[in-house]
Each structure stands twice: as C-alpha cells, then as structure tokens.
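Enquirer: One file: final.cif (mmCIF, C-alpha atoms).
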```cif
data_target
loop_
_atom_site.label_atom_id
_atom_site.label_comp_id
_atom_site.auth_asym_id
_atom_site.auth_seq_id
_atom_site.Cartn_x
_atom_site.Cartn_y
_atom_site.Cartn_z
CA MET L 1 -40.83 -136.15 142.34
CA ARG L 2 -37.20 -135.20 142.16
CA LEU L 3 -37.68 -133.42 138.84
CA ALA L 4 -40.67 -131.51 140.18
CA THR L 5 -38.60 -130.30 143.11
CA ARG L 6 -35.93 -129.00 140.80
CA ARG L 7 -38.46 -127.06 138.67
CA ARG L 8 -39.36 -125.02 141.73
CA ILE L 9 -35.76 -123.80 142.19
CA PRO L 10 -35.44 -120.14 141.12
CA ILE L 11 -33.60 -119.66 137.84
CA PRO L 12 -31.00 -117.24 139.28
CA LEU L 13 -29.97 -119.89 141.80
CA LEU L 14 -29.61 -122.49 139.05
CA VAL L 15 -27.45 -120.08 137.08
CA ARG L 16 -25.24 -119.48 140.12
CA ARG L 17 -24.89 -123.21 140.71
CA THR L 18 -23.95 -123.79 137.06
CA ILE L 19 -21.30 -121.09 137.21
CA ALA L 20 -19.93 -122.54 140.45
CA LEU L 21 -19.71 -126.01 138.89
CA LEU L 22 -17.88 -124.69 135.84
CA ALA L 23 -15.49 -122.79 138.09
CA LEU L 24 -14.80 -125.94 140.09
CA LEU L 25 -14.08 -127.94 136.94
CA ALA L 26 -11.70 -125.22 135.76
CA LEU L 27 -9.76 -125.51 139.01
CA LEU L 28 -9.29 -129.27 138.85
CA PRO L 29 -5.89 -129.11 137.11
CA LEU L 30 -4.68 -126.74 139.83
CA THR L 31 -5.85 -128.84 142.79
CA TRP L 32 -6.24 -132.58 142.36
CA GLY L 33 -4.17 -132.56 139.18
CA ARG L 34 -1.30 -130.55 140.63
CA SER L 35 2.13 -131.88 141.43
CA PRO L 36 2.29 -131.26 145.19
CA TYR L 37 6.05 -131.66 145.63
CA PRO L 38 8.00 -129.93 142.87
CA ALA L 39 11.76 -130.32 142.95
CA LYS L 40 13.05 -127.50 145.15
CA LEU L 41 15.52 -126.80 147.95
CA LYS L 42 15.59 -129.15 150.93
CA GLN L 43 16.62 -126.53 153.48
CA LEU L 44 14.09 -123.93 154.61
CA GLU L 45 14.24 -120.63 152.78
CA LEU L 46 11.67 -117.93 153.48
CA ASP L 47 11.31 -114.59 151.74
CA ILE L 48 8.71 -112.45 153.53
CA VAL L 49 7.92 -109.42 151.37
CA PRO L 50 5.81 -106.48 152.67
CA LEU L 51 2.90 -105.46 150.45
CA ALA L 52 1.59 -101.96 149.81
CA LEU L 53 -1.76 -101.23 151.42
CA PRO L 54 -4.64 -99.12 150.09
CA ALA L 55 -5.56 -95.80 151.67
CA PRO L 56 -7.01 -96.13 155.20
CA ASP L 57 -10.46 -94.91 154.15
CA ARG L 58 -10.70 -97.57 151.43
CA MET L 59 -9.73 -100.30 153.89
CA ALA L 60 -12.18 -99.04 156.52
CA ALA L 61 -15.01 -99.14 153.99
CA HIS L 62 -14.60 -102.92 153.73
CA LEU L 63 -13.09 -103.99 157.05
CA GLY L 64 -15.30 -102.04 159.44
CA ALA L 65 -13.88 -102.26 162.98
CA PHE L 66 -10.86 -104.26 161.78
CA HIS L 67 -7.64 -102.42 161.01
CA LEU L 68 -5.26 -104.01 158.50
CA GLU L 69 -1.87 -103.13 159.97
CA GLN L 70 0.41 -105.00 157.58
CA ALA L 71 0.35 -107.58 154.82
CA TRP L 72 3.11 -109.75 153.37
CA GLN L 73 3.67 -112.29 150.64
CA ILE L 74 5.66 -115.32 151.79
CA ARG L 75 7.75 -116.90 149.06
CA SER L 76 10.00 -119.92 149.16
CA ARG L 77 11.83 -122.35 146.90
CA THR L 78 11.76 -124.96 149.65
CA HIS L 79 10.41 -128.45 149.05
CA ARG L 80 6.87 -128.81 150.57
CA PHE L 81 6.24 -125.07 150.99
CA GLY L 82 2.72 -123.76 150.33
CA SER L 83 -1.01 -124.54 150.28
CA TYR L 84 -1.70 -123.61 153.92
CA SER L 85 -5.28 -124.33 154.97
CA ALA L 86 -5.05 -123.71 158.72
CA LEU L 87 -3.09 -121.45 161.07
CA LEU L 88 -2.29 -121.87 164.78
CA MET L 89 -0.39 -119.67 167.22
CA ARG L 90 1.93 -121.70 169.44
CA LYS L 91 2.64 -120.99 173.11
CA ASP L 92 6.14 -119.74 172.28
CA GLY L 93 4.77 -117.10 169.90
CA SER L 94 5.58 -119.00 166.72
CA MET L 95 3.06 -119.57 163.94
CA LEU L 96 2.10 -122.99 162.59
CA GLY L 97 0.79 -123.25 159.05
CA LEU L 98 -0.75 -126.61 158.12
CA SER L 99 -1.20 -127.60 154.49
CA ASP L 100 -3.72 -129.75 152.63
CA SER L 101 -0.85 -132.02 151.61
CA GLY L 102 -0.06 -132.94 155.21
CA ASN L 103 2.91 -130.61 155.62
CA PHE L 104 3.67 -127.96 158.24
CA LEU L 105 5.55 -124.68 158.41
CA ARG L 106 6.57 -123.40 161.83
CA PHE L 107 7.81 -119.82 161.56
CA ARG L 108 8.05 -116.57 163.48
CA PRO L 109 5.95 -113.46 162.81
CA PRO L 110 7.46 -111.11 160.20
CA GLY L 111 10.22 -108.94 161.60
CA GLU L 112 11.53 -111.68 163.91
CA SER L 113 14.42 -114.05 163.26
CA GLN L 114 13.51 -117.16 161.26
CA ALA L 115 16.64 -119.02 162.37
CA HIS L 116 14.65 -121.70 164.20
CA SER L 117 11.78 -121.99 161.73
CA ARG L 118 11.00 -125.49 160.43
CA ILE L 119 9.22 -127.14 157.54
CA GLY L 120 8.30 -130.78 157.31
CA GLU L 121 5.78 -133.56 156.81
CA LEU L 122 3.17 -134.61 159.35
CA PRO L 123 3.13 -138.37 160.12
CA LEU L 124 -0.48 -138.81 159.03
CA SER L 125 -0.26 -141.76 156.67
CA ASN L 126 2.15 -143.92 154.71
CA GLY L 127 -0.03 -143.47 151.63
CA GLU L 128 0.20 -140.72 149.04
CA ALA L 129 -3.53 -140.38 148.40
CA LYS L 130 -4.77 -136.80 148.91
CA GLU L 131 -7.50 -137.91 151.31
CA ASP L 132 -4.85 -139.43 153.60
CA ARG L 133 -3.15 -136.07 154.09
CA ASP L 134 -5.75 -133.39 153.32
CA VAL L 135 -5.61 -131.21 156.44
CA GLU L 136 -8.17 -128.42 156.13
CA SER L 137 -8.72 -127.32 159.73
CA ALA L 138 -6.91 -127.36 163.06
CA THR L 139 -7.29 -126.33 166.67
CA GLU L 140 -5.32 -126.77 169.90
CA ASP L 141 -5.61 -126.61 173.69
CA SER L 142 -3.51 -124.76 176.28
CA ASP L 143 -1.15 -127.74 176.60
CA GLY L 144 -0.30 -127.67 172.90
CA THR L 145 -2.29 -130.75 171.88
CA ILE L 146 -3.45 -130.37 168.27
CA TRP L 147 -6.58 -131.65 166.55
CA LEU L 148 -6.70 -131.81 162.75
CA GLY L 149 -9.74 -131.97 160.48
CA LEU L 150 -9.08 -134.03 157.35
CA GLU L 151 -11.20 -133.64 154.25
CA GLY L 152 -11.96 -136.66 152.09
CA LYS L 153 -11.84 -138.99 155.07
CA ASN L 154 -13.96 -136.51 157.07
CA ALA L 155 -11.84 -137.49 160.03
CA ILE L 156 -10.38 -135.85 163.14
CA TYR L 157 -6.82 -136.63 164.27
CA ARG L 158 -5.35 -135.79 167.69
CA MET L 159 -1.63 -135.03 167.84
CA THR L 160 0.91 -134.26 170.54
CA PRO L 161 2.70 -130.87 170.47
CA LYS L 162 5.56 -132.69 168.69
CA PHE L 163 3.24 -133.96 165.93
CA HIS L 164 2.84 -137.58 167.05
CA VAL L 165 -0.62 -138.89 166.09
CA GLU L 166 -2.30 -140.29 169.20
CA LYS L 167 -5.77 -141.09 167.96
CA ARG L 168 -8.06 -140.68 164.96
CA VAL L 169 -11.80 -140.98 164.38
CA GLN L 170 -14.35 -140.67 161.56
CA PRO L 171 -17.51 -139.46 163.33
CA ASP L 172 -20.86 -140.68 162.01
CA SER L 173 -22.12 -137.09 162.12
CA MET L 174 -19.60 -136.15 159.39
CA ARG L 175 -19.71 -139.23 157.16
CA ASP L 176 -21.93 -137.58 154.53
CA TRP L 177 -19.86 -134.40 154.25
CA GLY L 178 -18.47 -135.32 150.83
CA VAL L 179 -15.02 -135.86 149.36
CA ASN L 180 -13.97 -132.25 148.81
CA THR L 181 -16.49 -130.36 150.95
CA GLY L 182 -15.63 -131.55 154.46
CA PRO L 183 -14.51 -130.11 157.85
CA GLU L 184 -12.99 -126.85 156.66
CA ALA L 185 -13.33 -124.97 159.97
CA MET L 186 -12.83 -126.34 163.49
CA THR L 187 -12.17 -124.86 166.89
CA ARG L 188 -11.94 -126.06 170.48
CA LEU L 189 -13.94 -123.77 172.76
CA ALA L 190 -12.62 -122.62 176.13
CA ASP L 191 -15.14 -124.93 177.85
CA GLY L 192 -13.74 -127.98 176.03
CA ARG L 193 -16.45 -128.36 173.39
CA PHE L 194 -15.54 -128.63 169.69
CA VAL L 195 -17.33 -126.95 166.80
CA LEU L 196 -16.85 -128.05 163.17
CA LEU L 197 -18.31 -126.45 160.03
CA ARG L 198 -18.61 -128.10 156.64
CA GLU L 199 -17.34 -126.23 153.62
CA GLY L 200 -20.11 -127.55 151.38
CA PHE L 201 -23.65 -126.19 151.35
CA SER L 202 -26.79 -127.96 152.50
CA GLY L 203 -28.57 -129.19 149.37
CA TRP L 204 -29.36 -126.33 147.02
CA SER L 205 -28.81 -123.66 149.63
CA SER L 206 -26.16 -120.99 149.07
CA HIS L 207 -25.83 -119.93 152.71
CA LEU L 208 -26.54 -122.99 154.91
CA HIS L 209 -23.83 -125.48 155.91
CA PRO L 210 -23.99 -128.71 157.94
CA ALA L 211 -22.18 -128.38 161.26
CA VAL L 212 -21.55 -130.46 164.37
CA MET L 213 -20.81 -129.83 168.04
CA PHE L 214 -18.89 -132.31 170.21
CA ALA L 215 -19.20 -132.21 174.01
CA GLY L 216 -15.46 -132.87 174.37
CA ASP L 217 -12.48 -134.35 172.53
CA PRO L 218 -14.05 -135.92 169.39
CA THR L 219 -11.44 -138.69 169.31
CA GLU L 220 -12.67 -139.80 172.75
CA ASN L 221 -16.35 -138.81 172.41
CA PRO L 222 -17.24 -139.08 168.69
CA ASP L 223 -21.01 -138.71 169.16
CA GLY L 224 -21.63 -135.18 167.94
CA GLN L 225 -24.80 -133.11 167.80
CA ARG L 226 -25.65 -131.77 164.37
CA PHE L 227 -26.83 -128.25 163.67
CA VAL L 228 -26.91 -125.87 160.68
CA PHE L 229 -24.53 -122.95 160.17
CA ASP L 230 -26.11 -119.94 158.41
CA GLY L 231 -23.48 -117.61 156.93
CA PRO L 232 -23.14 -114.91 154.26
CA ASP L 233 -24.70 -115.93 150.95
CA GLY L 234 -22.35 -117.72 148.55
CA PHE L 235 -19.43 -117.99 150.98
CA SER L 236 -17.95 -121.11 152.58
CA PRO L 237 -16.32 -121.24 156.04
CA THR L 238 -12.57 -121.86 155.95
CA ASP L 239 -11.46 -121.32 159.56
CA MET L 240 -12.61 -119.95 162.90
CA ALA L 241 -11.23 -119.08 166.32
CA GLN L 242 -12.63 -118.02 169.68
CA MET L 243 -12.13 -114.54 171.13
CA PRO L 244 -11.53 -114.04 174.87
CA ASP L 245 -15.16 -112.92 175.32
CA GLY L 246 -16.33 -116.32 174.07
CA ARG L 247 -17.60 -115.31 170.63
CA LEU L 248 -16.24 -116.87 167.44
CA LEU L 249 -14.76 -115.17 164.41
CA ILE L 250 -15.45 -117.20 161.26
CA LEU L 251 -13.33 -116.71 158.13
CA MET L 252 -15.18 -117.34 154.86
CA ARG L 253 -14.20 -117.50 151.22
CA ARG L 254 -15.75 -117.48 147.75
CA LEU L 255 -14.24 -118.10 144.32
CA ILE L 256 -15.17 -115.15 142.09
CA TRP L 257 -13.41 -116.13 138.87
CA PRO L 258 -11.49 -119.33 138.04
CA MET L 259 -8.79 -118.43 135.50
CA PRO L 260 -6.80 -116.70 136.87
CA GLN L 261 -8.32 -117.25 140.28
CA HIS L 262 -9.95 -114.32 142.04
CA PHE L 263 -11.40 -114.63 145.53
CA ALA L 264 -13.51 -112.65 147.93
CA GLY L 265 -13.67 -113.16 151.68
CA ARG L 266 -15.85 -112.44 154.65
CA ILE L 267 -15.40 -112.43 158.42
CA ALA L 268 -18.48 -113.25 160.47
CA ILE L 269 -19.10 -113.31 164.21
CA GLY L 270 -21.30 -115.60 166.27
CA ASP L 271 -21.86 -116.67 169.86
CA PRO L 272 -21.52 -120.45 170.39
CA LYS L 273 -23.84 -120.16 173.40
CA THR L 274 -26.70 -119.83 170.91
CA ILE L 275 -25.92 -123.13 169.11
CA ARG L 276 -28.76 -125.62 169.55
CA PRO L 277 -28.82 -129.25 168.31
CA GLY L 278 -30.87 -129.60 165.12
CA GLN L 279 -31.39 -125.86 164.78
CA THR L 280 -29.88 -123.07 162.69
CA TRP L 281 -27.01 -121.01 164.09
CA ARG L 282 -27.00 -117.56 162.51
CA VAL L 283 -23.94 -115.32 162.48
CA LYS L 284 -23.37 -111.69 161.49
CA GLU L 285 -21.01 -110.43 158.80
CA VAL L 286 -18.49 -107.92 160.20
CA ALA L 287 -15.86 -107.50 157.46
CA ARG L 288 -15.50 -107.89 153.70
CA LEU L 289 -12.22 -108.93 152.12
CA SER L 290 -12.55 -107.47 148.64
CA SER L 291 -10.39 -107.07 145.55
CA ASP L 292 -9.51 -103.52 146.70
CA LEU L 293 -7.27 -105.23 149.27
CA PRO L 294 -4.28 -107.58 148.80
CA ILE L 295 -6.36 -110.76 148.80
CA ASP L 296 -6.07 -114.40 147.81
CA ASN L 297 -7.58 -117.70 148.94
CA PHE L 298 -7.65 -117.01 152.71
CA GLU L 299 -8.13 -120.26 154.66
CA GLY L 300 -6.36 -119.78 158.01
CA LEU L 301 -7.21 -117.51 160.96
CA ALA L 302 -5.60 -117.10 164.40
CA ILE L 303 -6.34 -114.70 167.27
CA VAL L 304 -3.82 -113.29 169.78
CA PRO L 305 -4.98 -111.08 172.71
CA ARG L 306 -3.08 -107.85 173.35
CA GLU L 307 -2.37 -106.17 176.68
CA ASP L 308 -4.44 -103.13 175.68
CA GLY L 309 -7.57 -105.26 175.20
CA ARG L 310 -7.41 -105.30 171.42
CA LEU L 311 -6.89 -108.50 169.46
CA THR L 312 -4.37 -109.30 166.76
CA ILE L 313 -6.00 -111.25 163.92
CA TRP L 314 -3.71 -113.24 161.62
CA LEU L 315 -4.86 -114.57 158.23
CA ILE L 316 -2.98 -116.84 155.82
CA SER L 317 -3.92 -117.86 152.28
CA ASP L 318 -3.75 -121.19 150.47
CA ASP L 319 -1.90 -120.87 147.14
CA ASN L 320 -2.89 -124.39 145.98
CA TYR L 321 0.71 -124.79 144.78
CA SER L 322 -0.36 -122.65 141.84
CA PRO L 323 1.90 -120.05 140.18
CA LEU L 324 -1.26 -117.97 139.72
CA GLN L 325 -1.80 -117.62 143.47
CA ARG L 326 0.14 -116.34 146.48
CA THR L 327 0.78 -117.24 150.10
CA LEU L 328 -0.33 -114.05 151.83
CA LEU L 329 -0.15 -113.20 155.52
CA TRP L 330 -2.29 -110.45 157.05
CA LYS L 331 -1.93 -108.83 160.44
CA MET L 332 -5.09 -107.04 161.59
CA SER L 333 -6.24 -105.64 164.90
CA VAL L 334 -9.68 -105.09 166.36
CA ASP L 335 -11.31 -103.91 169.57
CA PRO L 336 -13.84 -106.67 170.38
CA ALA L 337 -16.03 -104.08 172.09
CA GLN L 338 -16.62 -102.51 168.68
CA LEU L 339 -17.94 -105.75 167.19
CA PRO L 340 -21.72 -106.32 167.28
#
```
Now, as a test, write the supplied structure out as structure tokens.

Expert:
Amino acid sequence: MRLATRRRIPIPLLVRRTIALLALLALLPLTWGRSPYPAKLKQLELDIVPLALPAPDRMAAHLGAFHLEQAWQIRSRTHRFGSYSALLMRKDGSMLGLSDSGNFLRFRPPGESQAHSRIGELPLSNGEAKEDRDVESATEDSDGTIWLGLEGKNAIYRMTPKFHVEKRVQPDSMRDWGVNTGPEAMTRLADGRFVLLREGFSGWSSHLHPAVMFAGDPTENPDGQRFVFDGPDGFSPTDMAQMPDGRLLILMRRLIWPMPQHFAGRIAIGDPKTIRPGQTWRVKEVARLSSDLPIDNFEGLAIVPREDGRLTIWLISDDNYSPLQRTLLWKMSVDPAQLP
C-alpha cells in the first residue's frame, strides 16, 4: 500500500525531494558537524559594515511595496558570535539576536553606539547537546517576557527579561515535528494567543506545514489547536511578527544550492483571524528576496512602527558559523496600507 502511494507521486516532485535531500546531506558538516565555539576574543567586538545596494528599480521588482533602505554585514571575532535564528526588538530600542546554540547578542541598530551591547549564553541547559540549546524562534510581550521555541526538543521556554528560565513545556501538538524541522517561527499575538509554524513540510507536500495555535501562554496552557500553514511552494517559514493592524508578516527561506550555500527568501502576509482548527491557513506572497539582492540565510524578522504610519522591518541572517556565509542585517520600510 505504501509503495502504491509513492508510485502516484509526480516525478518532478520526487526529483525535487531528491535534490533537497542531497543538499541537506551536503550541509551536515556545516551544521551538526560544526565547531560552535571557535577560539576567539572574550570581549564583544562588532564590525558593522554597510553593503552596496542594487538600483532602486531592481529592488522594487522583487520587493514590491517594501523598500530596502540599508543593509549591513555584521562581523566579529568574539567568542559565541553568529548563527542567529531569531530577532526581537527590546523596549529600550536595542535588538536581541538569539542563536541556535543558545547564545544571545544584544546590540543597538547600526549608527548608534555599541558601548552597552552584550553577548552571552542563555541558561537553557547544563548539557552541550544541540537539542538542549537549539533556539529557532522567539517572541515577547509588552513586559519583556520572552518565549523561545527550541528545535529537537520541540519545546517552548518562558524567560524573564533578564533571561531567567521560568518554565518549559513540550506540547503534545508538537511532539511529531521532527528533530531538525521543528518550531522555526513563533509569535505572540496582541490578544495573547500564540502561533507556531513548523519548518518541515507535511508529508510529501512542498508548500504545507504543520502549525499550532495556543489560546494563551503555552507554558501554562499547553493544549494547542493544530492547523495547516499553506505558504509559497518550496519555502519554509523561519520567523514571523504581527503588524499593528493585526496581520502577520511571515519570513520564509529556501536553500537553492548547497556548496557554497545560496538561498532565496520570501515574505508572506496572512490574517490570524482566518486561522481555524484543523483547517488550512493560506497566506499571500508579498516580496521575493532574490540573488539580485544582498541575501543569505534569513531567519529573523522584527517589526517597529513609525510615527508616519510606515513600519520598519528588520531581518537578520543565520551564518551557521560557516566561513561561506554571512551575518546580514536588513532595514526595510513598508506602508501597511499598500500590502494586500
């Protein structure tokens, strides 16, 4: 029965799946096999280098209503720097990058003094196993409380603003999300609900992803309602954040070529009011992050409202501690009224 089901799968899809598997195997030495803490400086050193941007018409052809204002590469010889999988904006205007090795970087936006920036290790576990520290998603409330989504364990941790772990849970609704395909995108909605999206696809699909909605804090109310996230074909969600009008921007990523790594990205938009338990939540693609732009493995997204009604959109990339990749920071702006 299983073999008969597989024979009905279109050949092009099988080819795509084979290529994706080979690409994943090629990346193993640069992810699980990497040395996460190379010998470097102990004190924080940041070098934030502006990058040249393409002509405005070329950017507009891919980004639509979004305007890429500036882009930088962040470099550092500091111990624990790199591999940022989530990005939060703190109440004081600082930026918090969270890595898949359980580290954090608190820094100021480019152009501001970095004198009070910090780098360090989150108190997640005494163990060194990747699954004990693999932070892939994060969200926060207005009081500064932070929730982390950990891959491997498929767990959610709640932390104080000063990074003290208060509670942790492994919801039943996420137990089958796999070892390296777990809660890659998470956000706390303004009404207190939580939405989490799995990086991995549903079965043989190349656009459907398991997802779950929690009525409140998952560490207090772990019984979530499952639904299906339907995104751009071939792309996996890596982060999301809510706009003031209630809609969500979802950052997505796809590996195009493994050695050296080349990535493409997408930004999609969706209204969480249309999420229904057990049903499919469809979103709309609104921007393409292509090779014409300074791009890498974008995994973090944060939104900051402006006084003029526009939004500042920050993106950060995960360099996987690889010399072949970069930690990039984008600053974009968009008028939400121009988004569908």

Enquirer: Using all atoms listed in the file, which residue out of L:Leu105, L:Val228, L:Leu68, L:Met186 lies closest to Thr280 (chain L)?

Expert: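 Residue with the minimum atom-to-atom distance to Thr280 (chain L): L:Val228.
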
Enquirer: Can you turn the PyMOL selection byres ((chain L and resi 255) around 10) into a concrete residue list for this file, as a list in words?

Expert: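 That selection, the PyMOL selection byres ((chain L and resi 255) around 10), comes back as Ala20, Ala23, Leu24, Gly234, Phe235, Ser236, Arg253, Arg254, Ile256, Trp257, Pro258, Gln261, His262, Phe263, Ala264, Gly265, Asp296 and Asn297 of chain L.
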
Enquirer: Select, from L:Pro161, L:Lys130, L:Pro323, L:Met89, the residue with the minimum atom-to-atom distance to Ser101 (chain L), counting all atoms listed in the file.

Expert: L:Lys130

Enquirer: Using all atoms listed in the file, which protein or nucleic acid residues come within 12 Å of Gly97 (chain L)? Drop anything in the same chain fewer than 4 positions from it, and give the result as a ChimeraX atom specification.

Expert: /L:74,80-90,101-109,117-122,135-139,148,299-302,314-318,327-329

Enquirer: Within 9 Å of Pro54 (chain L), counting only C-alpha atoms, which residues show up once you throw out same-chain ones fewer than 4 positions away? Write them as a ChimeraX atom specification, please.

Expert: /L:58-59,292-294

Enquirer: Using only C-alpha atoms for the distances, tell me which of L:Pro123, L:Asp245, L:Lys42, L:Pro260 is nearest to Lys162 (chain L).

Expert: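 Under the stated criterion, the closest residue is L:Pro123.
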
Enquirer: Just checking: using only C-alpha atoms, which residue out of L:Gly93, L:Gly152, L:Gly111, L:Gly182 ends up closest to Ile303 (chain L)?

Expert: L:Gly93

Enquirer: Excluding Gln242 (chain L) and any residue of its chain fewer than 4 positions from it, enumerate the residues within 9 Å of it, using all atoms listed in the file, and give them as a list in words.

Expert: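 My reading of the contact set: Thr187, Arg188, Leu189, Ala190, Gly246, Arg247, Leu248, Leu249, Ile250, Ala302 and Ile303 of chain L.
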
Enquirer: Given the PyMOL selection byres ((chain L and resi 132) around 10) and the file above, list the residues it selects as a VMD selection string.

Expert: chain L and resid 100 to 102 124 to 131 133 to 135 150 to 153 155

Enquirer: What separation in Å, quoted to one decimal, exists between CA of Asp57 (chain L) and CA of Met252 (chain L)?

Expert: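 CA of Met252 (chain L) lies at a distance of 22.9 Å from CA of Asp57 (chain L).
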
Enquirer: At a cut-off of 12 Å, using all atoms listed in the file, what residues contact Ala337 (chain L)? Leave out same-chain residues fewer than 2 positions from it and give the result as a list in words.

Expert: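 Near Ala337 (chain L), the qualifying residues are Ala65, Phe66, Met243, Pro244, Asp245, Arg247, Gly309, Arg310, Leu311, Val334, Asp335, Leu339 and Pro340 of chain L.
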
Enquirer: Have a look at L:Leu289, L:Ala60, L:Leu324, L:Met332 and name the one nearest to Arg306 (chain L); count all atoms listed in the file.

Expert: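 Result for the nearest residue to Arg306 (chain L): L:Met332.
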
Enquirer: Can you list, as a list of chain:residue names, the residues that the PyMOL selection byres ((chain L and resi 272) around 10) selects here?

Expert: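 Selection result, ordered by chain and number: L:Leu189, L:Arg193, L:Val195, L:Met213, L:Gln242, L:Gly246, L:Arg247, L:Leu248, L:Ile269, L:Gly270, L:Asp271, L:Lys273, L:Thr274, L:Ile275, L:Arg276, L:Trp281, L:Val283.
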
Enquirer: Write the residues of the preceding selection, restricted to C-alpha atoms, as a PDB file, in the coordinates of the input.

Expert:
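File result.pdb, as written:
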```pdb
ATOM      1  CA  LEU L 189     -13.940-123.770 172.760  1.00  0.00           C
ATOM      2  CA  ARG L 193     -16.450-128.360 173.390  1.00  0.00           C
ATOM      3  CA  VAL L 195     -17.330-126.950 166.800  1.00  0.00           C
ATOM      4  CA  MET L 213     -20.810-129.830 168.040  1.00  0.00           C
ATOM      5  CA  GLN L 242     -12.630-118.020 169.680  1.00  0.00           C
ATOM      6  CA  GLY L 246     -16.330-116.320 174.070  1.00  0.00           C
ATOM      7  CA  ARG L 247     -17.600-115.310 170.630  1.00  0.00           C
ATOM      8  CA  LEU L 248     -16.240-116.870 167.440  1.00  0.00           C
ATOM      9  CA  ILE L 269     -19.100-113.310 164.210  1.00  0.00           C
ATOM     10  CA  GLY L 270     -21.300-115.600 166.270  1.00  0.00           C
ATOM     11  CA  ASP L 271     -21.860-116.670 169.860  1.00  0.00           C
ATOM     12  CA  LYS L 273     -23.840-120.160 173.400  1.00  0.00           C
ATOM     13  CA  THR L 274     -26.700-119.830 170.910  1.00  0.00           C
ATOM     14  CA  ILE L 275     -25.920-123.130 169.110  1.00  0.00           C
ATOM     15  CA  ARG L 276     -28.760-125.620 169.550  1.00  0.00           C
ATOM     16  CA  TRP L 281     -27.010-121.010 164.090  1.00  0.00           C
ATOM     17  CA  VAL L 283     -23.940-115.320 162.480  1.00  0.00           C
TER      18      VAL L 283
END
```

Enquirer: Rounded to one decimal in Å, what is the spacing between CA of Phe201 (chain L) and CA of Ser290 (chain L)?

Expert: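 Between CA of Phe201 (chain L) and CA of Ser290 (chain L) the gap is 21.9 Å.
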
Enquirer: For CA of Asp92 (chain L) and CA of Thr160 (chain L), quote the distance in Å rounded to one decimal.

Expert: 15.5 Å

Enquirer: For Glu199 (chain L), work out the shell of residues within 9 Å, counting only C-alpha atoms and skipping chain neighbours fewer than 4 positions away, then give it as a PyMOL selection string.

Expert: chain L and resi 177+180-185+209-210+235-238

Enquirer: Kindly indicate which residue among L:Leu46, L:Val169, L:Leu96, L:Met174 lies nearest to Ser113 (chain L), using only C-alpha atoms for the distances.

Expert: L:Leu46

Enquirer: Provide region 234-254 of chain L rebuilt to N, CA and C atoms, formatted as a JSON list (two decimals), in the coordinates of the input.

Expert:
```json
[["chain", "number", "residue", "atom", "x", "y", "z"],
["L", 234, "GLY", "N", -23.36, -117.40, 149.55],
["L", 234, "GLY", "CA", -22.35, -117.72, 148.55],
["L", 234, "GLY", "C", -20.97, -117.98, 149.09],
["L", 235, "PHE", "N", -20.76, -117.84, 150.40],
["L", 235, "PHE", "CA", -19.43, -117.99, 150.98],
["L", 235, "PHE", "C", -19.36, -119.27, 151.82],
["L", 236, "SER", "N", -18.17, -119.89, 151.81],
["L", 236, "SER", "CA", -17.95, -121.11, 152.58],
["L", 236, "SER", "C", -17.00, -120.84, 153.74],
["L", 237, "PRO", "N", -17.25, -121.43, 154.92],
["L", 237, "PRO", "CA", -16.32, -121.24, 156.04],
["L", 237, "PRO", "C", -15.00, -121.93, 155.78],
["L", 238, "THR", "N", -13.90, -121.28, 156.13],
["L", 238, "THR", "CA", -12.57, -121.86, 155.95],
["L", 238, "THR", "C", -11.78, -121.97, 157.24],
["L", 239, "ASP", "N", -12.13, -121.21, 158.26],
["L", 239, "ASP", "CA", -11.46, -121.32, 159.56],
["L", 239, "ASP", "C", -12.26, -120.51, 160.58],
["L", 240, "MET", "N", -11.99, -120.75, 161.85],
["L", 240, "MET", "CA", -12.61, -119.95, 162.90],
["L", 240, "MET", "C", -11.79, -120.07, 164.17],
["L", 241, "ALA", "N", -11.95, -119.09, 165.05],
["L", 241, "ALA", "CA", -11.23, -119.08, 166.32],
["L", 241, "ALA", "C", -12.07, -118.31, 167.33],
["L", 242, "GLN", "N", -11.84, -118.62, 168.61],
["L", 242, "GLN", "CA", -12.63, -118.02, 169.68],
["L", 242, "GLN", "C", -11.91, -116.80, 170.26],
["L", 243, "MET", "N", -12.66, -115.73, 170.49],
["L", 243, "MET", "CA", -12.13, -114.54, 171.13],
["L", 243, "MET", "C", -12.22, -114.71, 172.65],
["L", 244, "PRO", "N", -11.47, -113.92, 173.41],
["L", 244, "PRO", "CA", -11.53, -114.04, 174.87],
["L", 244, "PRO", "C", -12.93, -113.86, 175.46],
["L", 245, "ASP", "N", -13.81, -113.11, 174.78],
["L", 245, "ASP", "CA", -15.16, -112.92, 175.32],
["L", 245, "ASP", "C", -16.09, -114.08, 175.00],
["L", 246, "GLY", "N", -15.56, -115.12, 174.34],
["L", 246, "GLY", "CA", -16.33, -116.32, 174.07],
["L", 246, "GLY", "C", -16.92, -116.41, 172.67],
["L", 247, "ARG", "N", -17.04, -115.29, 171.97],
["L", 247, "ARG", "CA", -17.60, -115.31, 170.63],
["L", 247, "ARG", "C", -16.58, -115.85, 169.62],
["L", 248, "LEU", "N", -17.09, -116.31, 168.48],
["L", 248, "LEU", "CA", -16.24, -116.87, 167.44],
["L", 248, "LEU", "C", -16.15, -115.93, 166.25],
["L", 249, "LEU", "N", -14.95, -115.81, 165.70],
["L", 249, "LEU", "CA", -14.76, -115.17, 164.41],
["L", 249, "LEU", "C", -14.64, -116.29, 163.38],
["L", 250, "ILE", "N", -15.44, -116.19, 162.31],
["L", 250, "ILE", "CA", -15.45, -117.20, 161.26],
["L", 250, "ILE", "C", -14.95, -116.58, 159.97],
["L", 251, "LEU", "N", -13.88, -117.15, 159.41],
["L", 251, "LEU", "CA", -13.33, -116.71, 158.13],
["L", 251, "LEU", "C", -14.05, -117.46, 157.02],
["L", 252, "MET", "N", -14.44, -116.73, 155.96],
["L", 252, "MET", "CA", -15.18, -117.34, 154.86],
["L", 252, "MET", "C", -14.58, -116.89, 153.54],
["L", 253, "ARG", "N", -14.83, -117.73, 152.51],
["L", 253, "ARG", "CA", -14.20, -117.50, 151.22],
["L", 253, "ARG", "C", -15.13, -117.88, 150.08],
["L", 254, "ARG", "N", -14.97, -117.18, 148.94],
["L", 254, "ARG", "CA", -15.75, -117.48, 147.75],
["L", 254, "ARG", "C", -14.88, -117.29, 146.52]]
```
